[in-house]
$ cat final.cif   # mmCIF, C-alpha atoms
data_work
loop_
_atom_site.label_atom_id
_atom_site.label_comp_id
_atom_site.auth_asym_id
_atom_site.auth_seq_id
_atom_site.Cartn_x
_atom_site.Cartn_y
_atom_site.Cartn_z
CA MET A 21 62.15 -58.23 -38.85
CA PRO A 22 58.71 -57.06 -40.06
CA ARG A 23 58.39 -53.78 -41.97
CA THR A 24 56.77 -52.04 -38.99
CA VAL A 25 59.79 -52.76 -36.80
CA TRP A 26 62.20 -51.39 -39.41
CA LEU A 27 60.09 -48.23 -39.84
CA LEU A 28 60.09 -47.56 -36.10
CA VAL A 29 63.80 -48.30 -35.89
CA ALA A 30 64.63 -45.93 -38.77
CA ALA A 31 62.42 -43.16 -37.41
CA ARG A 32 63.95 -43.45 -33.95
CA ALA A 33 67.43 -43.19 -35.41
CA ILE A 34 66.40 -39.94 -37.11
CA ASN A 35 64.86 -38.63 -33.91
CA ARG A 36 67.91 -39.61 -31.87
CA LEU A 37 70.21 -37.43 -33.97
CA GLY A 38 69.03 -34.39 -32.05
CA ALA A 39 68.24 -35.97 -28.72
CA PHE A 40 71.15 -34.71 -26.65
CA SER A 41 69.50 -31.50 -25.52
CA LEU A 42 68.11 -32.97 -22.29
CA PRO A 43 71.49 -33.54 -20.58
CA PHE A 44 72.24 -29.86 -21.09
CA LEU A 45 68.95 -28.47 -19.74
CA THR A 46 70.42 -27.95 -16.27
CA VAL A 47 73.53 -26.39 -17.80
CA LEU A 48 71.41 -23.99 -19.93
CA ILE A 49 69.37 -22.94 -16.89
CA SER A 50 72.54 -22.33 -14.87
CA THR A 51 74.62 -20.54 -17.51
CA ASP A 52 72.06 -18.49 -19.46
CA PHE A 53 69.86 -17.45 -16.55
CA GLY A 54 72.29 -17.53 -13.62
CA ALA A 55 70.23 -20.02 -11.63
CA SER A 56 71.85 -22.04 -8.85
CA ALA A 57 72.53 -25.76 -9.24
CA THR A 58 69.64 -26.48 -6.86
CA THR A 59 67.18 -24.39 -8.92
CA ALA A 60 68.37 -26.00 -12.15
CA GLY A 61 67.91 -29.43 -10.62
CA LEU A 62 64.39 -28.63 -9.41
CA LEU A 63 63.32 -27.35 -12.84
CA SER A 64 64.70 -30.46 -14.51
CA ALA A 65 62.83 -32.51 -11.90
CA ALA A 66 59.60 -30.70 -12.86
CA PHE A 67 60.18 -31.89 -16.43
CA GLY A 68 60.62 -35.44 -15.18
CA LEU A 69 57.47 -35.27 -13.06
CA ALA A 70 55.48 -34.23 -16.12
CA THR A 71 56.65 -37.33 -18.03
CA ILE A 72 54.76 -39.65 -15.65
CA PRO A 73 51.22 -38.69 -16.79
CA SER A 74 52.63 -38.44 -20.31
CA ARG A 75 53.63 -42.11 -20.31
CA LEU A 76 50.28 -43.26 -18.91
CA ALA A 77 48.43 -41.06 -21.41
CA GLY A 78 50.46 -42.66 -24.22
CA GLY A 79 49.12 -46.09 -23.28
CA ARG A 80 45.53 -44.84 -23.05
CA LEU A 81 45.65 -42.78 -26.24
CA ALA A 82 47.14 -45.68 -28.19
CA ALA A 83 44.00 -47.68 -27.39
CA ARG A 84 41.56 -44.83 -28.02
CA LEU A 85 43.05 -42.78 -30.87
CA GLY A 86 45.33 -45.38 -32.40
CA ARG A 87 49.05 -45.93 -32.18
CA ARG A 88 50.10 -43.89 -35.22
CA ARG A 89 48.11 -40.81 -34.17
CA THR A 90 49.52 -40.98 -30.65
CA ILE A 91 53.10 -41.26 -31.95
CA VAL A 92 52.70 -38.26 -34.27
CA LEU A 93 50.99 -36.21 -31.55
CA GLY A 94 53.79 -36.88 -29.08
CA LEU A 95 56.63 -36.08 -31.47
CA THR A 96 54.99 -32.87 -32.68
CA GLY A 97 54.37 -31.72 -29.12
CA CYS A 98 58.01 -32.37 -28.24
CA ALA A 99 59.17 -30.31 -31.21
CA LEU A 100 57.03 -27.31 -30.28
CA ALA A 101 58.19 -27.41 -26.65
CA GLN A 102 61.85 -27.69 -27.66
CA LEU A 103 61.54 -24.66 -29.92
CA GLY A 104 59.94 -22.81 -27.02
CA ILE A 105 62.91 -23.59 -24.77
CA ALA A 106 65.33 -22.43 -27.46
CA ALA A 107 63.50 -19.10 -27.86
CA ALA A 108 62.72 -18.49 -24.17
CA GLY A 109 63.85 -15.16 -22.76
CA SER A 110 63.25 -15.80 -19.08
CA LEU A 111 63.63 -18.52 -16.49
CA ALA A 112 59.83 -18.72 -16.09
CA ALA A 113 59.40 -19.33 -19.82
CA VAL A 114 62.03 -22.09 -19.80
CA ALA A 115 60.26 -23.73 -16.85
CA ALA A 116 56.88 -23.60 -18.61
CA PHE A 117 58.20 -25.09 -21.85
CA ALA A 118 60.18 -27.74 -19.93
CA ILE A 119 56.95 -28.91 -18.28
CA LEU A 120 55.16 -28.90 -21.64
CA LEU A 121 58.02 -30.96 -23.06
CA GLY A 122 57.58 -33.47 -20.25
CA LEU A 123 53.85 -33.77 -20.92
CA ALA A 124 54.54 -34.68 -24.56
CA PHE A 125 57.82 -36.51 -24.07
CA GLU A 126 56.55 -40.04 -23.32
CA LEU A 127 53.45 -40.21 -25.51
CA TYR A 128 55.54 -41.90 -28.20
CA GLU A 129 56.94 -44.76 -26.16
CA PRO A 130 54.01 -47.10 -25.25
CA PRO A 131 52.52 -47.29 -28.78
CA SER A 132 55.91 -47.74 -30.47
CA GLN A 133 57.07 -50.38 -27.99
CA GLY A 134 53.68 -52.09 -28.23
CA MET A 135 53.91 -52.16 -32.02
CA ILE A 136 57.26 -53.92 -31.80
CA ALA A 137 56.01 -56.45 -29.24
CA ASP A 138 52.98 -57.32 -31.38
CA ALA A 139 54.92 -57.43 -34.66
CA VAL A 140 57.23 -60.26 -33.55
CA GLY A 141 56.89 -63.43 -31.52
CA PRO A 142 58.07 -63.70 -27.92
CA ALA A 143 61.26 -65.48 -29.00
CA GLU A 144 62.24 -62.53 -31.22
CA ARG A 145 61.46 -59.72 -28.80
CA VAL A 146 64.95 -59.56 -27.30
CA ARG A 147 66.42 -59.09 -30.78
CA ALA A 148 63.71 -56.59 -31.79
CA TYR A 149 64.19 -54.41 -28.72
CA GLY A 150 67.94 -54.80 -29.08
CA LEU A 151 67.61 -53.53 -32.65
CA LEU A 152 65.62 -50.52 -31.43
CA ASN A 153 68.30 -49.85 -28.82
CA ALA A 154 70.98 -50.12 -31.50
CA ALA A 155 69.12 -47.62 -33.68
CA LEU A 156 68.98 -45.19 -30.77
CA ALA A 157 72.70 -45.69 -30.27
CA ALA A 158 73.48 -45.30 -33.97
CA GLY A 159 71.64 -42.00 -34.00
CA GLY A 160 73.42 -41.17 -30.77
CA THR A 161 76.84 -41.45 -32.40
CA GLY A 162 75.96 -38.48 -34.58
CA ALA A 163 74.05 -36.78 -31.78
CA GLY A 164 77.04 -36.78 -29.47
CA LEU A 165 79.14 -35.06 -32.11
CA ILE A 166 76.35 -32.55 -32.76
CA ALA A 167 76.14 -31.86 -29.04
CA ALA A 168 79.90 -31.41 -28.75
CA ALA A 169 79.91 -28.97 -31.70
CA LEU A 170 76.72 -26.97 -31.13
CA GLY A 171 77.18 -27.00 -27.35
CA ARG A 172 80.44 -25.08 -27.68
CA TRP A 173 78.69 -22.48 -29.83
CA ASP A 174 75.29 -22.04 -28.13
CA LEU A 175 73.40 -24.61 -26.02
CA ARG A 176 70.07 -23.34 -27.38
CA TRP A 177 70.85 -24.77 -30.81
CA LEU A 178 70.78 -28.26 -29.28
CA PHE A 179 67.06 -27.78 -28.60
CA VAL A 180 66.48 -26.52 -32.14
CA ALA A 181 68.23 -29.60 -33.55
CA ASP A 182 66.15 -31.86 -31.33
CA ALA A 183 62.93 -30.17 -32.47
CA LEU A 184 63.80 -30.61 -36.14
CA THR A 185 64.52 -34.31 -35.75
CA CYS A 186 61.25 -34.79 -33.83
CA LEU A 187 59.34 -33.21 -36.73
CA ALA A 188 61.24 -35.34 -39.27
CA CYS A 189 60.47 -38.49 -37.27
CA ALA A 190 56.78 -37.56 -37.01
CA LEU A 191 56.57 -36.94 -40.77
CA VAL A 192 58.22 -40.27 -41.66
CA LEU A 193 55.92 -42.29 -39.41
CA CYS A 194 52.77 -40.38 -40.40
CA ILE A 195 53.43 -41.23 -44.05
CA ALA A 196 54.84 -44.74 -43.71
CA LEU A 197 52.85 -46.41 -40.93
CA PRO A 198 49.43 -47.79 -41.88
CA ALA A 199 46.37 -45.93 -40.65
CA ASP A 200 45.23 -47.30 -37.33
CA ARG A 201 42.01 -47.74 -35.46
CA PRO A 202 41.27 -47.87 -31.74
CA ARG A 203 41.85 -51.38 -30.43
CA ARG A 204 40.30 -53.27 -27.58
CA ALA A 205 41.69 -56.24 -25.72
CA SER A 206 39.43 -59.24 -26.27
CA ALA A 207 39.26 -62.96 -25.78
CA PRO A 208 36.86 -65.74 -26.86
CA THR A 209 33.94 -66.45 -24.53
CA GLY A 210 33.40 -69.95 -25.84
CA ARG A 211 29.81 -69.22 -26.84
CA GLY A 212 29.23 -68.99 -30.55
CA GLY A 213 32.63 -67.48 -31.20
CA GLU A 214 31.64 -64.21 -29.50
CA ARG A 215 34.37 -62.16 -27.91
CA GLU A 216 34.31 -60.07 -24.76
CA PRO A 217 36.87 -57.60 -23.46
CA VAL A 218 39.65 -59.10 -21.38
CA PRO A 219 40.33 -56.98 -18.30
CA VAL A 220 43.80 -55.46 -18.39
CA ARG A 221 44.84 -54.68 -14.83
CA PRO A 222 48.54 -53.87 -14.78
CA TRP A 223 48.32 -52.19 -11.36
CA ARG A 224 47.28 -55.53 -9.78
CA ASP A 225 50.11 -57.56 -11.30
CA ARG A 226 52.75 -58.28 -8.64
CA ALA A 227 55.31 -59.42 -11.19
CA LEU A 228 54.90 -56.14 -13.07
CA TRP A 229 55.27 -54.23 -9.80
CA ALA A 230 58.56 -56.04 -9.18
CA MET A 231 59.80 -55.19 -12.66
CA CYS A 232 58.70 -51.58 -12.16
CA ALA A 233 60.63 -51.30 -8.89
CA ALA A 234 63.80 -52.65 -10.49
CA GLY A 235 63.18 -50.57 -13.60
CA THR A 236 62.87 -47.39 -11.53
CA VAL A 237 66.25 -47.91 -9.92
CA PHE A 238 67.81 -48.74 -13.29
CA ALA A 239 66.24 -45.64 -14.82
CA LEU A 240 67.53 -43.55 -11.91
CA VAL A 241 71.04 -44.80 -12.63
CA SER A 242 70.66 -44.05 -16.35
CA MET A 243 69.26 -40.58 -15.78
CA GLN A 244 71.93 -39.73 -13.22
CA ILE A 245 74.51 -40.50 -15.90
CA VAL A 246 72.69 -38.24 -18.37
CA VAL A 247 72.20 -35.37 -15.94
CA ALA A 248 75.43 -35.55 -13.96
CA LEU A 249 78.03 -36.31 -16.62
CA PRO A 250 78.34 -32.77 -18.08
CA LEU A 251 78.47 -31.28 -14.57
CA ALA A 252 80.92 -33.89 -13.27
CA LEU A 253 83.26 -33.41 -16.23
CA GLU A 254 83.39 -29.69 -15.54
CA ARG A 255 84.46 -30.40 -11.95
CA ILE A 256 87.42 -32.54 -13.00
CA GLY A 257 88.72 -30.09 -15.58
CA PHE A 258 86.86 -30.95 -18.80
CA ALA A 259 84.34 -28.87 -20.75
CA PRO A 260 80.68 -29.85 -20.14
CA ALA A 261 80.24 -30.31 -23.90
CA ASP A 262 82.82 -33.12 -23.75
CA ALA A 263 80.01 -35.26 -22.37
CA GLY A 264 78.87 -35.47 -25.99
CA LEU A 265 82.06 -37.36 -26.83
CA LEU A 266 81.44 -39.88 -24.04
CA PHE A 267 77.81 -40.30 -25.07
CA THR A 268 79.06 -40.98 -28.59
CA ALA A 269 81.48 -43.60 -27.24
CA SER A 270 78.56 -45.19 -25.40
CA ALA A 271 76.48 -45.25 -28.58
CA VAL A 272 79.29 -46.85 -30.59
CA THR A 273 79.66 -49.52 -27.89
CA VAL A 274 75.94 -50.30 -27.96
CA VAL A 275 75.94 -50.71 -31.76
CA ALA A 276 79.10 -52.82 -31.77
CA ALA A 277 77.74 -55.07 -29.00
CA GLN A 278 74.48 -56.00 -30.76
CA PRO A 279 75.84 -59.22 -32.34
CA ALA A 280 76.61 -60.43 -28.81
CA LEU A 281 72.89 -60.68 -28.12
CA ARG A 282 72.75 -63.55 -30.63
CA LEU A 283 75.59 -65.54 -29.05
CA ARG A 284 74.23 -68.90 -27.99
CA ARG A 285 75.46 -68.79 -24.39
CA LEU A 286 74.18 -65.28 -23.81
CA ALA A 287 70.84 -65.86 -25.55
CA ALA A 288 70.32 -69.02 -23.49
CA LEU A 289 70.68 -67.18 -20.18
CA PRO A 290 67.43 -66.81 -18.23
CA ALA A 291 66.17 -63.25 -18.20
CA HIS A 292 66.98 -62.70 -14.52
CA ALA A 293 70.57 -63.90 -14.98
CA ALA A 294 71.09 -61.71 -18.07
CA LEU A 295 69.69 -58.70 -16.25
CA ALA A 296 71.89 -59.32 -13.20
CA LEU A 297 74.95 -59.56 -15.46
CA GLY A 298 73.98 -56.28 -17.11
CA TYR A 299 73.64 -54.51 -13.77
CA THR A 300 77.02 -55.82 -12.65
CA LEU A 301 78.73 -54.50 -15.78
CA MET A 302 77.09 -51.12 -15.23
CA ALA A 303 78.40 -51.07 -11.65
CA ALA A 304 81.93 -51.78 -12.87
CA GLY A 305 81.83 -48.98 -15.44
CA LEU A 306 80.42 -46.41 -13.03
CA ALA A 307 83.01 -47.35 -10.42
CA GLY A 308 85.55 -46.57 -13.13
CA TYR A 309 84.09 -43.06 -13.43
CA ALA A 310 84.76 -42.53 -9.72
CA VAL A 311 88.53 -42.85 -10.22
CA ALA A 312 88.91 -41.67 -13.83
CA HIS A 313 90.67 -38.36 -14.50
CA THR A 314 91.86 -38.79 -18.10
CA LEU A 315 89.93 -39.07 -21.35
CA PRO A 316 91.10 -42.67 -22.09
CA SER A 317 90.01 -43.87 -18.64
CA LEU A 318 86.65 -42.13 -19.01
CA LEU A 319 86.16 -43.76 -22.42
CA ALA A 320 86.99 -47.21 -21.02
CA ALA A 321 84.54 -46.80 -18.14
CA THR A 322 81.87 -45.63 -20.59
CA ALA A 323 82.34 -48.74 -22.75
CA VAL A 324 81.93 -51.05 -19.73
CA TRP A 325 78.70 -49.55 -18.39
CA SER A 326 77.32 -49.34 -21.93
CA LEU A 327 77.75 -53.10 -22.36
CA GLY A 328 75.62 -53.59 -19.27
CA ASP A 329 73.04 -51.18 -20.63
CA VAL A 330 72.74 -53.32 -23.79
CA LEU A 331 71.90 -56.42 -21.77
CA VAL A 332 69.37 -54.70 -19.51
CA LEU A 333 67.37 -52.83 -22.14
CA ALA A 334 67.14 -55.76 -24.54
CA ARG A 335 65.74 -58.07 -21.86
CA ALA A 336 63.61 -55.83 -19.65
CA PHE A 337 61.06 -54.72 -22.24
CA GLY A 338 60.72 -58.28 -23.49
CA VAL A 339 59.94 -59.54 -19.99
CA VAL A 340 57.25 -56.88 -19.49
CA ALA A 341 55.70 -57.57 -22.89
CA ASP A 342 55.56 -61.29 -22.05
CA LEU A 343 53.72 -60.50 -18.81
CA ALA A 344 50.96 -58.57 -20.60
CA PRO A 345 47.67 -60.34 -21.41
CA PRO A 346 46.40 -60.32 -25.01
CA GLY A 347 45.74 -56.75 -26.10
CA GLY A 348 47.32 -55.29 -22.98
CA THR A 349 50.85 -54.66 -24.24
CA ASP A 350 50.48 -50.86 -24.49
CA ARG A 351 49.11 -50.54 -20.96
CA TYR A 352 51.76 -52.80 -19.42
CA LEU A 353 54.60 -51.01 -21.19
CA ALA A 354 53.09 -47.65 -20.21
CA VAL A 355 53.00 -48.60 -16.53
CA TYR A 356 56.53 -49.98 -16.69
CA GLY A 357 57.65 -46.82 -18.43
CA ILE A 358 56.65 -44.53 -15.56
CA SER A 359 59.86 -45.79 -13.98
CA TRP A 360 61.61 -43.35 -16.30
CA GLY A 361 59.33 -40.51 -15.28
CA ILE A 362 60.03 -41.12 -11.60
CA ALA A 363 63.76 -41.36 -12.30
CA THR A 364 63.76 -38.26 -14.50
CA THR A 365 62.10 -36.39 -11.63
CA ALA A 366 64.51 -37.65 -8.98
CA ALA A 367 67.81 -37.78 -10.87
CA PRO A 368 68.36 -34.01 -11.32
CA VAL A 369 67.87 -33.55 -7.56
CA THR A 370 69.93 -36.55 -6.40
CA ALA A 371 72.72 -35.94 -8.90
CA THR A 372 73.11 -32.22 -8.18
CA GLN A 373 72.88 -32.71 -4.41
CA LEU A 374 75.47 -35.51 -4.41
CA LEU A 375 77.77 -33.40 -6.55
CA ALA A 376 77.31 -30.36 -4.33
CA HIS A 377 77.76 -32.10 -0.98
CA ALA A 378 79.82 -35.24 -1.64
CA GLY A 379 81.73 -34.68 -4.88
CA VAL A 380 82.26 -36.50 -8.14
CA ALA A 381 83.77 -39.72 -6.76
CA ALA A 382 80.99 -40.21 -4.22
CA LEU A 383 78.31 -39.65 -6.87
CA TRP A 384 79.65 -42.40 -9.13
CA ALA A 385 80.43 -44.76 -6.24
CA ALA A 386 76.86 -44.45 -4.93
CA THR A 387 75.45 -45.04 -8.41
CA ALA A 388 77.63 -48.13 -8.84
CA GLY A 389 76.36 -49.41 -5.48
CA LEU A 390 72.77 -49.08 -6.70
CA CYS A 391 73.63 -51.27 -9.69
CA LEU A 392 75.09 -53.99 -7.46
CA ALA A 393 71.96 -53.89 -5.28
CA LEU A 394 69.88 -54.27 -8.45
CA ALA A 395 71.85 -57.34 -9.51
CA ALA A 396 71.24 -59.00 -6.14
CA ALA A 397 67.53 -58.10 -6.12
CA GLN A 398 67.11 -59.46 -9.65
CA LEU A 399 68.51 -62.84 -8.68
CA LEU A 400 66.83 -63.15 -5.28
CA VAL A 401 63.44 -61.42 -5.62
CA VAL A 402 62.39 -60.12 -9.04
CA GLY A 403 63.48 -63.07 -11.16
CA PRO A 404 61.76 -65.76 -9.06
CA LEU A 405 58.52 -63.75 -8.89
CA VAL A 406 58.42 -63.22 -12.66
CA SER A 407 59.23 -66.91 -13.24
CA ARG A 408 56.29 -67.99 -11.08
CA THR A 409 53.96 -65.68 -13.01
CA SER A 410 55.14 -66.36 -16.57
CA PRO A 411 54.06 -70.02 -17.08
CA PRO A 412 50.36 -69.47 -16.20
CA ARG A 413 50.38 -66.17 -18.10
CA ALA A 414 51.76 -67.89 -21.21
CA ALA A 415 49.10 -70.60 -20.95
CA ALA A 416 46.36 -67.96 -20.65
CA ALA A 417 47.70 -66.14 -23.71
CA LYS A 418 47.63 -69.32 -25.77
CA ALA A 419 44.09 -70.07 -24.62
CA ALA A 420 43.00 -66.55 -25.57
CA ALA A 421 44.47 -67.08 -29.03
CA GLY A 422 42.58 -70.34 -29.40
CA ALA A 423 45.70 -72.51 -29.23
CA PRO A 424 46.19 -75.52 -26.94
CA SER A 425 48.29 -74.61 -23.92
CA GLY A 426 50.23 -77.85 -23.79
CA PRO A 427 52.51 -78.92 -20.95
CA ARG A 428 54.61 -76.35 -19.12
CA GLY A 429 57.91 -77.90 -20.21
#
$ encode --input "final.cif" --output "structure tokens"
Amino acid sequence: MPRTVWLLVAARAINRLGAFSLPFLTVLISTDFGASATTAGLLSAAFGLATIPSRLAGGRLAARLGRRRTIVLGLTGCALAQLGIAAAGSLAAVAAFAILLGLAFELYEPPSQGMIADAVGPAERVRAYGLLNAALAAGGTGAGLIAAALGRWDLRWLFVADALTCLACALVLCIALPADRPRRASAPTGRGGEREPVPVRPWRDRALWAMCAAGTVFALVSMQIVVALPLALERIGFAPADAGLLFTASAVTVVAAQPALRLRRLAALPAHAALALGYTLMAAGLAGYAVAHTLPSLLAATAVWSLGDVLVLARAFGVVADLAPPGGTDRYLAVYGISWGIATTAAPVTATQLLAHAGVAALWAATAGLCLALAAAQLLVVGPLVSRTSPPRAAAAKAAAGAPSGPRG
């Protein structure tokens, strides 16, 4: 992998070491300030709502200010907001800093994901994004243990730890990444070698819309796991901080499963088939949560859904990057990424309401059902639409690069 990819991977691993504060935001609001589960869920949803403009701003700023500046700005903003949450003395202050955290939270993602997409060829993107996912998981193995330890002492220290790793990540990337300049998407006009801007219109791309719809449901599932797991564990007799142990088990599974992405049979699967398989594995693991009442059974269910998560994340970002026209990677990944903002807004509400009115088993059963619906939609709707779009898009990309398009093979 190119040096840029390794730098981003290493920095993300550092940042991930403290990134388990978010699952405990609702718990902090409930325990330290006596807020109801509904109020805690609404405040967490406000954070998620703020991440939507943050993601779109990340794509725009990457083109205007440069990718490195945008990354450093986002990480520094996250650190300041996290420190504000840790020091807050009232529910209103926590709410204000949570919204500020959301506004900075996603600035990092479009430029970093765009850097990875542009640093490697299309054939290597699955491995590159898989490597980034593995780095997040590797950092998560330590983060889960930090969460389990600090969470038993004082939940506020989780936010301090997260802030420190954000600042460390920002410092590493500010020093190591090359200085950047604003970029513009362009393509040859065919007249004297001049180049004109290529219009990047992600909102008009039906294939991207299909990926965004599927990505939103997937993100909702992922965020419901993050938000609901500490609360669900408490209801079946475990400490909320024990969620850190399960998140660590998930991270270990993701790291251990990375070599599987290079297996010939798995690598040869079409993207829609690999994604459907990933969703099915997630459904199986979450169904296991619905009936699990012992630590070994919870760990087994965690390992199963984590295997599905490996397949989905490695493929989805690669598909979206392949859909983008030349120079439009940041914008396409930014639009796709608002799926996580929508899910982060909805998950605290849906998770807490399902827990309050239906119970733990119903929450996990419903989430597993969403995964099965995703698998069917991927095979029947999303996959065929992306397949019809990809061949002409690939030919256009080659033409923009000045290469012959060749047959469609």
$ atom_distance --input "final.cif" --atom1 "CA of Arg75 in chain A" --atom2 "CA of Leu28 in chain A"
17.9 Å
$ residues_around --input "final.cif" --residues "Ala323 in chain A" --least-positions-apart "3" --cutoff "8 Å" --atoms "only C-alpha atoms" --output "list of chain:residue names"
A:Ala269, A:Ser270, A:Thr273, A:Gly305, A:Leu319, A:Ala320, A:Ser326, A:Leu327
$ closest_residue --input "final.cif" --among "A:Phe67, A:Trp229, A:Trp360, A:Tyr149" --to "Leu45 in chain A" --atoms "all atoms listed in the file"
A:Phe67
$ resolve_selection --input "final.cif" --expression "the PyMOL selection byres ((chain A and resi 71) around 7)" --output "MDAnalysis selection string"
chainID A and resid 67:70 72:75 122:123 125:126 361
$ closest_residue --input "final.cif" --among "A:Ala143, A:Ala376, A:Leu228, A:Val369" --to "Ala288 in chain A" --atoms "all atoms listed in the file"
A:Ala143
$ resolve_selection --input "final.cif" --expression "the PyMOL selection byres ((chain A and resi 127) around 12)" --output "tab-separated table (two decimals) with C-alpha atoms, keeping the file's coordinate frame"
chain	number	residue	atom	x	y	z
A	70	ALA	CA	55.48	-34.23	-16.12
A	71	THR	CA	56.65	-37.33	-18.03
A	72	ILE	CA	54.76	-39.65	-15.65
A	73	PRO	CA	51.22	-38.69	-16.79
A	74	SER	CA	52.63	-38.44	-20.31
A	75	ARG	CA	53.63	-42.11	-20.31
A	76	LEU	CA	50.28	-43.26	-18.91
A	77	ALA	CA	48.43	-41.06	-21.41
A	78	GLY	CA	50.46	-42.66	-24.22
A	79	GLY	CA	49.12	-46.09	-23.28
A	80	ARG	CA	45.53	-44.84	-23.05
A	81	LEU	CA	45.65	-42.78	-26.24
A	82	ALA	CA	47.14	-45.68	-28.19
A	85	LEU	CA	43.05	-42.78	-30.87
A	86	GLY	CA	45.33	-45.38	-32.40
A	87	ARG	CA	49.05	-45.93	-32.18
A	88	ARG	CA	50.10	-43.89	-35.22
A	89	ARG	CA	48.11	-40.81	-34.17
A	90	THR	CA	49.52	-40.98	-30.65
A	91	ILE	CA	53.10	-41.26	-31.95
A	92	VAL	CA	52.70	-38.26	-34.27
A	93	LEU	CA	50.99	-36.21	-31.55
A	94	GLY	CA	53.79	-36.88	-29.08
A	95	LEU	CA	56.63	-36.08	-31.47
A	96	THR	CA	54.99	-32.87	-32.68
A	97	GLY	CA	54.37	-31.72	-29.12
A	98	CYS	CA	58.01	-32.37	-28.24
A	121	LEU	CA	58.02	-30.96	-23.06
A	122	GLY	CA	57.58	-33.47	-20.25
A	123	LEU	CA	53.85	-33.77	-20.92
A	124	ALA	CA	54.54	-34.68	-24.56
A	125	PHE	CA	57.82	-36.51	-24.07
A	126	GLU	CA	56.55	-40.04	-23.32
A	128	TYR	CA	55.54	-41.90	-28.20
A	129	GLU	CA	56.94	-44.76	-26.16
A	130	PRO	CA	54.01	-47.10	-25.25
A	131	PRO	CA	52.52	-47.29	-28.78
A	132	SER	CA	55.91	-47.74	-30.47
A	133	GLN	CA	57.07	-50.38	-27.99
A	350	ASP	CA	50.48	-50.86	-24.49
A	353	LEU	CA	54.60	-51.01	-21.19
A	354	ALA	CA	53.09	-47.65	-20.21
A	357	GLY	CA	57.65	-46.82	-18.43
A	358	ILE	CA	56.65	-44.53	-15.56
A	361	GLY	CA	59.33	-40.51	-15.28
$ resolve_selection --input "final.cif" --expression "the PyMOL selection byres ((chain A and resi 336-347) around 6)" --output "ChimeraX atom specification"
/A:145-146,205,332-333,335,348-349,352
$ residues_around --input "final.cif" --residues "range 30-35 of chain A" --least-positions-apart "4" --cutoff "9 Å" --atoms "only C-alpha atoms" --output "PyMOL selection string"
chain A and resi 25-26+39+95+152+154-160+182-190+192-193
$ closest_residue --input "final.cif" --among "A:Ala101, A:Ala115, A:Leu251, A:Ala137" --to "Pro368 in chain A" --atoms "all atoms listed in the file"
A:Leu251
